[in-house]
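Visitor: Before I ask anything, here is the structure I am working with.
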2 protein chains.
Amino acid sequence: MPDQTTVPDQTTGAVAPSWLDVPADHPFGLQTLAYGVFSTEGTAPRVGVRVGDLVLDAGACAERAGMESGEVWLAPTLNPFLAQGRQAWGAARAWLTEVLTQDTHRDCVEPHLLPLEQVRMHLPLDVADYVDFYASEQHATNVGRLFRPDSEPLTPNWKHLPIGYHGRAGTVVVSGTDVVRPSGQRKAPTQSAPTYGPSTRLDIEAELGFVVGGSTELGQRVSVDDADEHLFGVVLLNDWSARDIQAWEYVPLGPFLGKSFATSISAWVVPMDALAAARVPVPRQDPEPLPYLVGAGAAYGLDIHYEVELNGTVVSRPEYRDQYWSPAQMLAHLSVNGASVRPGDLFGSGTISGKDPGTRGSLLELSWNGAEPVALSDGSTRSFLEDGDEVVLRAWAPGPGGSTVGLGEVRGTILPARP
Amino acid sequence: MPDQTTVPDQTTGAVAPSWLDVPADHPFGLQTLAYGVFSTEGTAPRVGVRVGDLVLDAGACAERAGMESGEVWLAPTLNPFLAQGRQAWGAARAWLTEVLTQDTHRDCVEPHLLPLEQVRMHLPLDVADYVDFYASEQHATNVGRLFRPDSEPLTPNWKHLPIGYHGRAGTVVVSGTDVVRPSGQRKAPTQSAPTYGPSTRLDIEAELGFVVGGSTELGQRVSVDDADEHLFGVVLLNDWSARDIQAWEYVPLGPFLGKSFATSISAWVVPMDALAAARVPVPRQDPEPLPYLVGAGAAYGLDIHYEVELNGTVVSRPEYRDQYWSPAQMLAHLSVNGASVRPGDLFGSGTISGKDPGTRGSLLELSWNGAEPVALSDGSTRSFLEDGDEVVLRAWAPGPGGSTVGLGEVRGTILPARP
């Protein structure tokens with residue numbers, strides 16, 4: 001399924017010149033070179049690289065061009081490529097740029113370019129461990145106010161460590177996968193006992209997902225300054241959440257069934273190398289974190305603009321640059337106890353919410369727990385998701401020379417609960 | 001590394017007669033037929049079946065005997081076998097019993113039996129998703145009293161659902177793997193800010209782990225009565241826990257780094273089929289759980305006797321039969337929201353603790369948070385683990401005809417924190 005990325009504020013920037021006819025303002029030009037896994041009718045899933053509205057059959061092309069180590073792209077997931085590590089990722093990107101810009105490679109490459117509409121996209125990686133963080137101060141504050149009105153909104157640990165928890169790797173799905181409304185236990189404060197049934201407070205969480213590559217041994221940690229060695233790229237992530245199930249289950253061991261029914265990610269993984277121009281300082285951290293969370297690598301966040309669309313209406317425009325904890329801090333914290341990382345590990349940023357109500361990343365916050373329903377363009381309103389609702393997250397970032405780096409979209413439609 | 005299972009109360013029972021010289025009271029006789037993954041010097045890891053103090057090279061034997069579908073045992077993990085499902089597991093067990101009992105198969109089988117001391121054991125499965133439950137009422141009560149002294153020890157949801165959370169699949173390790181003391185943030189109530197350093201409250205949790213096979217589609221649930229179709233077998237599980245890290249991090253999203261540094265499981269997976277004689281009713285559940293947690297399949301627990309040994313001293317003898325929530329209830333709850341299950345999913349029971357202090361499954365409880373240190377036979381005492389300490393969990397269950405089913409052991413030694 002092709003992405004339909006809209007880029008409201010397109011900047012006319014210098015995009016690497018290519019023998020391919022990719023418009024300079026295309027969010028998936030050569031400044032991006034996102035990776036995914038695709039198949040065509042009758043062929044096996046394999047790695048593809050998006051170039052404009054085309055998909056390069058990367059493994060076949062590399063094989064024909066005699067590129068060493070390109071056989072990892074014949075695999076049905078990005079995991080073997082992720083396992084190769086930072087040096088190989090850099091070499092691969094340099095090679096792709098070369099063959100797409102130097103005219104001498106045209107005859108070799110062109111036969112391996114397929115129109116987006118002819119391919120089917122698959123989950124790009126076999127998710128090893130999935131961790132979800134909670135790195136937006138405003139989101140944590142909002143949720144604290146709504147879930148624990150009688151306490152301080154931020155727990156005492158919040159500004160000392162990036163709070164996170166493990167989620168279910170096996171239910172991470174690719175953009176376009178329908179989401180069945182989950183059933184489970186929930187208990188309203190006014191009820192004396194829980195009841196069972198379909199969630200009535202089904203929500204989204206607009207997040208950024210970080211795809212990890214390389215690996216470490218058990219007992220070894222990844223420092224903030226080594227984090228770049230393991231951060232391969234990013235995906236858009238929708239952490240679907242059943243608020244009623246979550247509220248009843250989460251004390252004392254955290255969210256479980258309120259989250260584990262599905263987590264959607266975009267089909268295209270945008271390499272960190274494409275986001276160099278999007279690096280921005282993280283907000284000031286006060287109190288100063290402990291030394292293992294401090295260092296040059298810890299200091300940058302990302303300037304990524306989001307759009308949350310519900311049934312065709314853009315209901316929010318979160319800004320990733322507002323996130324309190326940086327990608328390197330999340331990875332360093334995740335492994336500081338010696339937990340090993342593996343190719344295909346995925347961690348989410350947590351919901352991206354800003355101070356302005358129009359920048360909140362969940363319906364729980366946008367509708368303020370139902371007190372202020374969100375208006376849609378068809379005249380209806382939503383506090384939470386109804387059956388048939390379609391949610392699309394889109395995002396883009398500044399690229400080199402005024403270009404725009406597209407992050408594509410993550411899309412999902414709610415199906416009714418099963419009996 | 002061979003297990004050194006001790007069976008204090010050996011019962012002389014009728015064990016299936018074999019042409020092999022396995023003592024009738026051997027916990028790994030034909031009543032057990034546990035699966036693991038082994039290698040010998042210079043050979044690749046593959047599935048083995050334990051028979052007494054021997055390991056059957058199951059794939060090689062099946063190949064030679066012309067057994068269909070035995071090639072899954074040539075894999076380096078149990079996952080392909082787990083994927084085959086209940087019917088294949090039953091057929092495999094029947095075949096193993098036949099070739100080990102009928103003398104006509106002796107010439108074919110005997111060359112594939114290796115002494116335990118000649119093999120190296122590996123992690124038996126590639127863990128897909130790992131979930132840890134909290135199914136012992138007494139453990140949850142004890143922890144509630146210690147961690148939240150000002151509240152009711154059991155949270156309001158505890159008797160309505162089996163509380164659980166996802167853990168880190170990538171740090172599940174096989175028995176015998178050393179455990180590096182984790183470092184991280186911790187804050188004593190008397191301190192104004194957290195400090196970083198090695199955990200000073202490193203603990204164990206004696207649990208039973210359930211290995212899941214077969215698979216379901218996203219949106220589909222496993223009912224309590226279908227649970228047996230997916231419960232392949234059990235392992236012993238030590239959920240190493242850094243109490244100081246856990247106490248500081250776990251509000252509001254649950255345990256993370258306090259657990260994710262390592263989880264040890266036994267090398268041998270004992271099939272549920274070997275535990276038929278160990279089925280016992282679960283304790284009375286009051287209030288009656290919601291209907292999705294009720295049914296014939298939900299009604300049985302397991303009569304498994306544990307020994308927790310610390311540096312050669314048995315410090316506790318937990319009884320699995322005291323667990324409040326049944327295996328089928330845990331699996332049905334885990335999937336009630338439509339979360340799919342995959343071959344290699346693993347879920348832990350939570351710490352097994354009884355009412356008697358001598359049956360508690362963690363040092364936190366045994367030493368009552370350090371107030372009553374545990375005495376060891378060398379004259380020393382322990383509130384929590386010290387570097388160099390070795391912990392061994394052992395367990396066994398009643399088998400058919402008065403025999404004993406061994407669950408082997410899970411062993412680990414604490415290494416000092418890395419700088």
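Chain labels A, B, ... are given in the sequence in which chains occur in the structure tokens; within each chain residues are numbered consecutively from 1, and ligands are likewise numbered from 1 in the order shown.
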For chain A, list the residues within 6 Å of chain B, counting only C-alpha atoms, and write the list as a PyMOL selection string.

Guide: chain A and resi 165-167+180+182-184+219+253-254+256+261+337-339

Visitor: Based on DSSP run over this structure's backbone, return all residues of region 64-166 of chain A in strand (DSSP E), as a list in words.

Guide: Leu113, Leu114, Pro115, Arg120, Met121, His122, Tyr130, Val131, Asp132, Phe133, Gly164, Tyr165 and His166 of chain A

Visitor: Do a neighbour search on Pro17 (chain A) at 12 Å with only C-alpha atoms, toss out local chain neighbours closer than 4 positions, and write the hits as an NGL selection string.

Guide: :A and (13 or 21-24 or 29-31 or 97-103)

Visitor: Would you save the residues from that selection as a CSV table (one decimal), in the first residue's frame, using N, CA, C and O atoms?

Guide:
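Written output follows (selection17.csv):
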chain,number,residue,atom,x,y,z
A,13,GLY,N,14.6,22.6,-1.4
A,13,GLY,CA,16.0,22.5,-1.0
A,13,GLY,C,16.8,21.8,-2.0
A,13,GLY,O,16.3,21.2,-3.0
A,21,ASP,N,14.0,10.7,-12.1
A,21,ASP,CA,13.1,11.9,-12.1
A,21,ASP,C,12.4,12.0,-10.8
A,21,ASP,O,11.1,11.9,-10.7
A,22,VAL,N,13.1,12.3,-9.7
A,22,VAL,CA,12.4,12.5,-8.4
A,22,VAL,C,12.3,14.0,-8.1
A,22,VAL,O,13.3,14.7,-8.1
A,23,PRO,N,11.1,14.5,-7.9
A,23,PRO,CA,11.0,16.0,-7.7
A,23,PRO,C,11.8,16.4,-6.5
A,23,PRO,O,11.9,15.6,-5.5
A,24,ALA,N,12.4,17.6,-6.5
A,24,ALA,CA,13.3,18.0,-5.5
A,24,ALA,C,12.6,18.1,-4.1
A,24,ALA,O,13.2,18.0,-3.1
A,29,GLY,N,12.9,11.5,-1.5
A,29,GLY,CA,14.0,11.6,-2.4
A,29,GLY,C,15.3,11.0,-1.9
A,29,GLY,O,15.3,10.2,-0.9
A,30,LEU,N,16.4,11.3,-2.5
A,30,LEU,CA,17.7,10.6,-2.1
A,30,LEU,C,18.2,11.1,-0.8
A,30,LEU,O,19.1,10.5,-0.2
A,31,GLN,N,17.6,12.2,-0.2
A,31,GLN,CA,18.0,12.6,1.1
A,31,GLN,C,17.4,11.7,2.2
A,31,GLN,O,17.8,11.7,3.3
A,97,THR,N,23.4,5.8,-2.8
A,97,THR,CA,23.5,7.2,-3.3
A,97,THR,C,24.3,7.2,-4.6
A,97,THR,O,23.9,7.9,-5.6
A,98,GLU,N,25.4,6.5,-4.6
A,98,GLU,CA,26.2,6.4,-5.8
A,98,GLU,C,25.5,5.9,-7.0
A,98,GLU,O,25.4,6.5,-8.1
A,99,VAL,N,24.8,4.7,-6.8
A,99,VAL,CA,24.2,4.1,-8.0
A,99,VAL,C,23.0,4.8,-8.4
A,99,VAL,O,22.5,4.7,-9.6
A,100,LEU,N,22.4,5.7,-7.5
A,100,LEU,CA,21.2,6.4,-7.9
A,100,LEU,C,21.5,7.8,-8.5
A,100,LEU,O,20.7,8.5,-9.0
A,101,THR,N,22.8,8.2,-8.3
A,101,THR,CA,23.2,9.5,-8.8
A,101,THR,C,24.1,9.4,-10.0
A,101,THR,O,24.1,10.3,-10.9
A,102,GLN,N,24.9,8.4,-10.1
A,102,GLN,CA,25.9,8.3,-11.2
A,102,GLN,C,25.2,7.6,-12.4
A,102,GLN,O,24.8,6.4,-12.3
A,103,ASP,N,25.2,8.3,-13.5
A,103,ASP,CA,24.5,7.8,-14.7
A,103,ASP,C,25.0,6.4,-15.2
A,103,ASP,O,24.2,5.7,-15.8

Visitor: Quick one: residues within 10 Å of region 373-382 of chain B, only C-alpha atoms, excluding same-chain residues fewer than 2 positions away - as a PyMOL selection string?

Guide: chain B and resi 309-316+363-364+366-371+384-386+389

Visitor: Restricted to N, CA and C atoms, what would the selected residues look like written as a CSV table (one decimal), in the first residue's frame?

Guide:
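Generated file (result.csv):
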chain,number,residue,atom,x,y,z
B,309,GLU,N,18.0,-23.3,47.0
B,309,GLU,CA,19.3,-23.5,47.6
B,309,GLU,C,20.2,-22.3,47.4
B,310,LEU,N,20.8,-21.9,48.5
B,310,LEU,CA,21.7,-20.7,48.4
B,310,LEU,C,23.0,-21.2,49.0
B,311,ASN,N,24.1,-21.2,48.2
B,311,ASN,CA,25.4,-21.6,48.6
B,311,ASN,C,25.3,-23.0,49.4
B,312,GLY,N,24.5,-23.9,48.9
B,312,GLY,CA,24.5,-25.2,49.5
B,312,GLY,C,23.5,-25.4,50.6
B,313,THR,N,22.9,-24.3,51.1
B,313,THR,CA,21.9,-24.4,52.1
B,313,THR,C,20.5,-24.3,51.5
B,314,VAL,N,19.6,-25.3,51.8
B,314,VAL,CA,18.2,-25.1,51.3
B,314,VAL,C,17.5,-24.1,52.3
B,315,VAL,N,17.2,-23.0,51.7
B,315,VAL,CA,16.6,-21.9,52.5
B,315,VAL,C,15.1,-21.8,52.4
B,316,SER,N,14.5,-22.5,51.4
B,316,SER,CA,13.0,-22.5,51.3
B,316,SER,C,12.5,-23.7,50.5
B,363,LEU,N,14.2,-13.8,48.6
B,363,LEU,CA,14.9,-13.3,49.8
B,363,LEU,C,14.2,-12.1,50.5
B,364,LEU,N,13.6,-11.3,49.6
B,364,LEU,CA,12.9,-10.1,50.2
B,364,LEU,C,11.9,-10.6,51.2
B,366,LEU,N,11.9,-13.9,52.5
B,366,LEU,CA,12.5,-14.8,53.5
B,366,LEU,C,13.2,-14.0,54.6
B,367,SER,N,13.8,-12.9,54.2
B,367,SER,CA,14.5,-12.1,55.2
B,367,SER,C,13.6,-10.9,55.7
B,368,TRP,N,12.4,-10.9,55.3
B,368,TRP,CA,11.4,-9.9,55.6
B,368,TRP,C,12.1,-8.5,55.4
B,369,ASN,N,12.5,-8.3,54.2
B,369,ASN,CA,13.2,-7.0,53.8
B,369,ASN,C,14.4,-6.7,54.7
B,370,GLY,N,15.1,-7.7,55.0
B,370,GLY,CA,16.4,-7.6,55.8
B,370,GLY,C,16.2,-7.6,57.3
B,371,ALA,N,15.0,-7.6,57.8
B,371,ALA,CA,14.8,-7.6,59.2
B,371,ALA,C,15.1,-9.0,59.9
B,384,PHE,N,20.1,-10.2,51.2
B,384,PHE,CA,20.1,-10.2,49.7
B,384,PHE,C,21.4,-10.9,49.2
B,385,LEU,N,21.5,-11.0,47.9
B,385,LEU,CA,22.6,-11.8,47.4
B,385,LEU,C,24.0,-11.1,47.4
B,386,GLU,N,25.0,-11.8,47.7
B,386,GLU,CA,26.4,-11.2,47.6
B,386,GLU,C,27.1,-11.7,46.4
B,389,ASP,N,27.7,-15.6,45.3
B,389,ASP,CA,26.6,-16.5,45.8
B,389,ASP,C,26.1,-17.3,44.6

Visitor: So that I can check the surroundings of Ala44 (chain B), please list as a ChimeraX atom specification every protein, DNA and RNA residue that reaches within 12 Å of it, counting only C-alpha atoms and ignoring chain neighbours fewer than 5 positions away.

Guide: /B:37-39,57,73-77,119-122

Visitor: Excluding region 295-299 of chain B and any residue of its chain fewer than 4 positions from it, enumerate the residues within 10 Å of it, using only C-alpha atoms, and give them as a list in words.

Guide: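 Contacts, with the query itself left out: Ser223, Val224, Asp225, Asp226, Ala227, Asp228, Arg279, Val280, Pro281, Val282, Pro283, Arg284, Gln285, Pro291, Trp325, Ser326, Pro327, Ala328, Gln329, Met330, Leu331 and Ala332 of chain B.
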
Visitor: Using the selection just defined, write its residues with N, CA, C and O atoms as a tab-separated table (two decimals), in the first residue's frame.

Guide:
chain	number	residue	atom	x	y	z
B	223	SER	N	-9.16	-19.62	24.90
B	223	SER	CA	-10.06	-19.79	26.04
B	223	SER	C	-9.40	-20.68	27.09
B	223	SER	O	-8.43	-21.39	26.80
B	224	VAL	N	-9.93	-20.66	28.31
B	224	VAL	CA	-9.36	-21.53	29.34
B	224	VAL	C	-9.43	-23.00	28.91
B	224	VAL	O	-8.55	-23.79	29.24
B	225	ASP	N	-10.46	-23.35	28.16
B	225	ASP	CA	-10.58	-24.74	27.75
B	225	ASP	C	-9.70	-25.10	26.56
B	225	ASP	O	-9.46	-26.27	26.29
B	226	ASP	N	-9.23	-24.10	25.82
B	226	ASP	CA	-8.28	-24.36	24.74
B	226	ASP	C	-6.83	-24.22	25.18
B	226	ASP	O	-5.91	-24.45	24.38
B	227	ALA	N	-6.64	-23.82	26.43
B	227	ALA	CA	-5.26	-23.52	26.87
B	227	ALA	C	-4.34	-24.73	26.71
B	227	ALA	O	-3.18	-24.59	26.31
B	228	ASP	N	-4.88	-25.92	27.00
B	228	ASP	CA	-4.03	-27.12	26.90
B	228	ASP	C	-3.46	-27.33	25.49
B	228	ASP	O	-2.41	-27.93	25.33
B	279	ARG	N	-1.71	-32.90	38.44
B	279	ARG	CA	-2.80	-31.92	38.41
B	279	ARG	C	-3.56	-31.93	39.74
B	279	ARG	O	-3.95	-32.99	40.23
B	280	VAL	N	-3.77	-30.75	40.26
B	280	VAL	CA	-4.54	-30.60	41.50
B	280	VAL	C	-5.49	-29.42	41.31
B	280	VAL	O	-5.23	-28.53	40.49
B	281	PRO	N	-6.59	-29.41	42.03
B	281	PRO	CA	-7.48	-28.25	41.93
B	281	PRO	C	-6.77	-27.00	42.41
B	281	PRO	O	-5.96	-27.05	43.34
B	282	VAL	N	-7.09	-25.86	41.77
B	282	VAL	CA	-6.55	-24.59	42.29
B	282	VAL	C	-7.28	-24.26	43.59
B	282	VAL	O	-8.39	-24.74	43.83
B	283	PRO	N	-6.67	-23.42	44.44
B	283	PRO	CA	-7.38	-22.98	45.65
B	283	PRO	C	-8.71	-22.32	45.28
B	283	PRO	O	-8.87	-21.82	44.17
B	284	ARG	N	-9.65	-22.32	46.21
B	284	ARG	CA	-10.94	-21.69	45.96
B	284	ARG	C	-10.74	-20.22	45.61
B	284	ARG	O	-9.95	-19.52	46.25
B	285	GLN	N	-11.44	-19.77	44.57
B	285	GLN	CA	-11.30	-18.38	44.13
B	285	GLN	C	-12.54	-17.60	44.54
B	285	GLN	O	-13.64	-17.89	44.07
B	291	PRO	N	-16.53	-14.79	33.65
B	291	PRO	CA	-16.71	-16.06	32.93
B	291	PRO	C	-15.53	-16.48	32.06
B	291	PRO	O	-15.25	-17.68	31.91
B	325	TRP	N	-3.87	-18.38	40.79
B	325	TRP	CA	-4.35	-18.42	39.41
B	325	TRP	C	-3.76	-19.63	38.69
B	325	TRP	O	-2.57	-19.94	38.85
B	326	SER	N	-4.56	-20.29	37.88
B	326	SER	CA	-4.11	-21.51	37.19
B	326	SER	C	-3.38	-21.17	35.90
B	326	SER	O	-3.53	-20.07	35.35
B	327	PRO	N	-2.60	-22.13	35.37
B	327	PRO	CA	-1.91	-21.90	34.08
B	327	PRO	C	-2.89	-21.49	32.98
B	327	PRO	O	-2.62	-20.56	32.22
B	328	ALA	N	-4.03	-22.17	32.88
B	328	ALA	CA	-4.99	-21.85	31.82
B	328	ALA	C	-5.56	-20.45	32.01
B	328	ALA	O	-5.82	-19.74	31.03
B	329	GLN	N	-5.78	-20.04	33.25
B	329	GLN	CA	-6.29	-18.69	33.49
B	329	GLN	C	-5.27	-17.64	33.07
B	329	GLN	O	-5.63	-16.60	32.51
B	330	MET	N	-4.02	-17.90	33.33
B	330	MET	CA	-3.00	-16.93	32.94
B	330	MET	C	-2.94	-16.79	31.42
B	330	MET	O	-2.89	-15.68	30.88
B	331	LEU	N	-2.99	-17.93	30.70
B	331	LEU	CA	-2.91	-17.86	29.24
B	331	LEU	C	-4.17	-17.22	28.65
B	331	LEU	O	-4.10	-16.42	27.71
B	332	ALA	N	-5.33	-17.57	29.22
B	332	ALA	CA	-6.58	-16.98	28.71
B	332	ALA	C	-6.61	-15.47	28.95
B	332	ALA	O	-7.06	-14.70	28.10

Visitor: Write out as a list in words the residues lying within 8 Å of Pro271 (chain A), counting only C-alpha atoms and excluding same-chain residues fewer than 2 positions away.

Guide: Thr32, Leu33, Ala34, Tyr35, Phe232, Gly233, Val234, Val269, Asp273, Ala274 and Leu275 of chain A

Visitor: Hey, which of B:Leu125, B:Leu407, B:Leu20, B:Ala65 ends up closest to Arg46 (chain B)? Count only C-alpha atoms.

Guide: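 Looking at the shortest contact to Arg46 (chain B), the residue is B:Leu125.
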
Visitor: Taking the DSSP secondary structure from the backbone, can you list the residues of region 53-140 of chain A that are helix (DSSP H, G or I), as a ChimeraX atom specification?

Guide: /A:58-65,70-74,79-84,86-101,103-112,116-118,137-140

Visitor: Those same residues, written as a short mmCIF file (atom, residue, chain, number, x, y, z; two decimals), in the first residue's frame with C-alpha atoms?

Guide:
data_model
loop_
_atom_site.label_atom_id
_atom_site.label_comp_id
_atom_site.auth_asym_id
_atom_site.auth_seq_id
_atom_site.Cartn_x
_atom_site.Cartn_y
_atom_site.Cartn_z
CA ALA A 58 17.79 -3.63 -3.22
CA GLY A 59 19.06 -7.20 -2.95
CA ALA A 60 18.51 -8.01 -6.61
CA CYS A 61 20.16 -4.76 -7.62
CA ALA A 62 23.12 -5.28 -5.29
CA GLU A 63 23.58 -8.81 -6.56
CA ARG A 64 23.61 -7.67 -10.17
CA ALA A 65 25.98 -4.83 -9.38
CA GLY A 70 24.06 -6.87 -0.33
CA GLU A 71 22.63 -10.37 0.09
CA VAL A 72 21.24 -9.35 3.47
CA TRP A 73 18.63 -7.43 1.48
CA LEU A 74 17.24 -10.68 0.08
CA ASN A 79 17.16 -7.98 10.79
CA PRO A 80 20.23 -9.38 8.98
CA PHE A 81 21.01 -5.87 7.72
CA LEU A 82 20.44 -4.47 11.21
CA ALA A 83 22.86 -7.05 12.58
CA GLN A 84 25.68 -5.75 10.37
CA ARG A 86 26.82 1.13 11.78
CA GLN A 87 29.74 0.77 9.37
CA ALA A 88 27.76 -1.45 6.99
CA TRP A 89 24.75 0.89 7.18
CA GLY A 90 26.94 3.82 6.19
CA ALA A 91 28.54 1.90 3.34
CA ALA A 92 25.13 0.76 2.09
CA ARG A 93 23.79 4.30 2.08
CA ALA A 94 26.86 5.58 0.25
CA TRP A 95 26.49 2.81 -2.33
CA LEU A 96 22.78 3.51 -2.84
CA THR A 97 23.51 7.22 -3.28
CA GLU A 98 26.22 6.43 -5.79
CA VAL A 99 24.21 4.09 -7.98
CA LEU A 100 21.19 6.41 -7.93
CA THR A 101 23.18 9.54 -8.82
CA ASP A 103 24.47 7.79 -14.67
CA THR A 104 26.83 4.88 -15.37
CA HIS A 105 24.80 2.73 -12.98
CA ARG A 106 21.49 3.47 -14.61
CA ASP A 107 21.27 0.37 -16.80
CA CYS A 108 22.12 -1.84 -13.88
CA VAL A 109 19.70 -0.23 -11.40
CA GLU A 110 16.69 0.74 -13.50
CA PRO A 111 15.32 -2.79 -14.04
CA HIS A 112 15.04 -3.20 -10.29
CA LEU A 116 4.95 1.72 -5.24
CA GLU A 117 1.44 0.76 -6.24
CA GLN A 118 2.66 -2.60 -7.51
CA GLU A 137 6.85 15.79 30.07
CA GLN A 138 3.58 17.24 28.92
CA HIS A 139 2.04 13.84 28.17
CA ALA A 140 3.13 12.42 31.54
#

Visitor: Counting only C-alpha atoms, which residue out of A:Ala397, A:Val294, A:Val51, A:Leu346 sits closest to Thr263 (chain A)?

Guide: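 With only C-alpha atoms as the atom set, the closest residue is A:Leu346.
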